[in-house]
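Everything below concerns the one structure shown next.
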Amino acid sequence: MQARPKLTLPEKARPGLMMKGQARSGQVTILVNNAGMVTGKPLLDIPDNLIEKTFEVNTLAHFWTCKAFLPDMMIAKKGHVVNIASLAGLQGMGRLTDYCASKFAAVGFHESLTVELKVGGHEGVKTTVICPFFINTGMFDGAKSNIIPFLEPEYVAERIEQAILLNEEQVLIPGYLAALFYLKLAMPWRAYWTLGLAFKVERAMDTFTGRTKQA
């Protein structure tokens with residue numbers, strides 16, 4: 001019988017272990033890290049505690065859930081880790097310094113974890129990172145996008161399901177925006193900035209209100 005990989009968890013990983021205990025009735029083979037939060041404020045207006053909270057939710061939670069569930073996937077030689085990041089994890093935007101930084105980190109986490117699993121001989125454990133545009137869930141209420149429409153949750157969910165079934169490692173939604181990120185690597189910064197102005201995304205968050213709390 002294969003030995004379980006040694007695992008030492010920080011206190012912040014305990015919620016993951018609690019979820020794991022609740023899932024004992026069946027083997028967890030798909031982990032979707034989907035929690036997210038956004039402040040939508042300029043850097044100097046973001047309270048320090050909210051910067052920390054953004055990273056706890058958008059980035060660090062990925063570490064704790066993976067540390068809780070990966071060992072059993074590695075033993076079983078099968079599993080799938082799906083990290084929900086954002087197109088903001090590939091491109092910076094105004095009033096999203098904390099959000100973009102946390103999503104860039106989520107993308108980096110995915111890429112590094114993918115390498116670790118492959119070189120460690122755990123090819124049966126698949127990884128996928130999802131980078132969607134704004135989704136119409138209320139999280140980005142008030143933000144404006146004049147050219148690229150907000151995504152509907154049902155469409156994004158279907159695309160994520162497809163990515164899992166096809167073992168895609170990185171998915172941009174909508175897919176046609178991938179061309180912009182190839183251009184980002186190829187074009188001088190000033191030319192890329194001008195292109196961004198044409199798409200009118202640099203001021204998208206100016207009218208952001210966020211989800212209204214229900215009484």
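In the structure tokens, each chain is lettered A, B, ... as it comes, each chain's residues begin at 1, and ligands are numbered from 1 in order of appearance.
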Could you give me the residues within range 39-154 of chain A that DSSP places in strand (DSSP E or B), as a count of residues only? 16
What's the 12 Å shell around Gln91 in chain A, counting only C-alpha atoms, without same-chain residues fewer than 3 positions away, as number ranges by chain? A: 85-88, 94, 96-97, 99-104, 107, 131-133, 177-178, 180-185, 192-193, 196, 201-202
Find the residues near Leu166 in chain A: any atom within 12 Å, counting only C-alpha atoms, skip ones fewer than 3 places away on the same chain, and give them as a count of residues only. 12
Would you list, as a PDB file with C-alpha atoms, in the first residue's frame, the residues of range 115-200 of chain A that end up in alpha helix (DSSP H) under DSSP run on this structure's backbone?
```
ATOM      1  CA  VAL A 115       4.995  21.741 -13.010  1.00  0.00           C
ATOM      2  CA  GLU A 116       5.360  20.154  -9.559  1.00  0.00           C
ATOM      3  CA  LEU A 117       2.770  17.490 -10.344  1.00  0.00           C
ATOM      4  CA  LYS A 118       4.302  16.640 -13.721  1.00  0.00           C
ATOM      5  CA  VAL A 119       7.905  16.404 -12.553  1.00  0.00           C
ATOM      6  CA  PRO A 153     -22.704  32.468 -15.330  1.00  0.00           C
ATOM      7  CA  GLU A 154     -24.327  29.545 -17.140  1.00  0.00           C
ATOM      8  CA  TYR A 155     -22.037  29.942 -20.138  1.00  0.00           C
ATOM      9  CA  VAL A 156     -18.944  30.142 -17.928  1.00  0.00           C
ATOM     10  CA  ALA A 157     -20.037  27.062 -15.975  1.00  0.00           C
ATOM     11  CA  GLU A 158     -20.491  25.099 -19.215  1.00  0.00           C
ATOM     12  CA  ARG A 159     -17.071  26.195 -20.456  1.00  0.00           C
ATOM     13  CA  ILE A 160     -15.454  25.144 -17.177  1.00  0.00           C
ATOM     14  CA  GLU A 161     -17.132  21.739 -17.404  1.00  0.00           C
ATOM     15  CA  GLN A 162     -15.839  21.366 -20.949  1.00  0.00           C
ATOM     16  CA  ALA A 163     -12.322  22.329 -19.851  1.00  0.00           C
ATOM     17  CA  ILE A 164     -12.371  19.658 -17.139  1.00  0.00           C
ATOM     18  CA  LEU A 165     -13.586  16.980 -19.549  1.00  0.00           C
ATOM     19  CA  LEU A 166     -10.922  17.914 -22.106  1.00  0.00           C
ATOM     20  CA  ALA A 178      -6.285  35.181 -26.195  1.00  0.00           C
ATOM     21  CA  ALA A 179      -5.115  37.113 -29.255  1.00  0.00           C
ATOM     22  CA  LEU A 180      -4.766  40.258 -27.138  1.00  0.00           C
ATOM     23  CA  PHE A 181      -2.367  38.539 -24.756  1.00  0.00           C
ATOM     24  CA  TYR A 182      -0.205  37.323 -27.606  1.00  0.00           C
ATOM     25  CA  LEU A 183      -0.088  40.939 -28.755  1.00  0.00           C
ATOM     26  CA  LYS A 184       0.852  42.015 -25.223  1.00  0.00           C
ATOM     27  CA  LEU A 185       4.021  39.927 -25.490  1.00  0.00           C
ATOM     28  CA  ALA A 186       4.821  41.083 -29.006  1.00  0.00           C
ATOM     29  CA  TRP A 189       4.012  48.901 -24.294  1.00  0.00           C
ATOM     30  CA  ARG A 190       2.874  52.229 -25.767  1.00  0.00           C
ATOM     31  CA  ALA A 191       1.237  50.487 -28.738  1.00  0.00           C
ATOM     32  CA  TYR A 192      -0.450  47.969 -26.443  1.00  0.00           C
ATOM     33  CA  TRP A 193      -1.723  50.782 -24.227  1.00  0.00           C
ATOM     34  CA  THR A 194      -3.227  52.481 -27.279  1.00  0.00           C
ATOM     35  CA  LEU A 195      -4.946  49.210 -28.181  1.00  0.00           C
ATOM     36  CA  GLY A 196      -6.357  49.047 -24.651  1.00  0.00           C
ATOM     37  CA  LEU A 197      -7.761  52.533 -25.040  1.00  0.00           C
ATOM     38  CA  ALA A 198      -9.542  51.380 -28.188  1.00  0.00           C
ATOM     39  CA  PHE A 199     -11.224  48.591 -26.219  1.00  0.00           C
TER      40      PHE A 199
END
```
Can you tell me how far CA of Ser112 in chain A sits from CA of Gly92 in chain A, in Å to one decimal?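 Going from CA of Ser112 in chain A over to CA of Gly92 in chain A, I get 20.7 Å.
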Quick one: distance from CA of Gly124 in chain A to CA of Lys77 in chain A in Å, one decimal?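 These atoms are spaced 5.0 Å apart.
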A:Phe109, A:Trp64, A:Phe69, A:Phe134 ranked by distance to Leu172 in chain A, top pick (using only C-alpha atoms): A:Phe134
Might you pull out every residue within 7 Å of Gly40 in chain A, with only C-alpha atoms counted and same-chain residues fewer than 4 positions away left off, and present them as a list in words?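 Near Gly40 in chain A, the qualifying residues are Arg95, Leu96, Met205 and Phe208 of chain A.
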Neighbour list for range 28-30 of chain A as a ChimeraX atom specification, cut-off 7 Å, only C-alpha atoms, skip fewer than 6 positions in-chain: /A:73,78-81
Between CA of Thr39 in chain A and CA of Gly138 in chain A - distance in Å to one decimal: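 Interatomic distance, CA of Gly138 in chain A to CA of Thr39 in chain A: 13.0 Å.
Of the residues listed (A:His122, A:Gly108, A:Pro42, A:Ile173), A:Ile173 shows the shortest atom-to-atom separation from Ile135 in chain A; distances use only C-alpha atoms.
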Nearest candidate to His62 in chain A (options A:Leu90, A:Leu31, A:Ile46, A:Met37; using only C-alpha atoms):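 Counting only C-alpha atoms, the residue closest to His62 in chain A is A:Leu31.
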Find, counting only C-alpha atoms, the residue in A:Glu152, A:Glu168, A:Glu123, A:Asp48 that gets nearest to Asp98 in chain A. A:Asp48
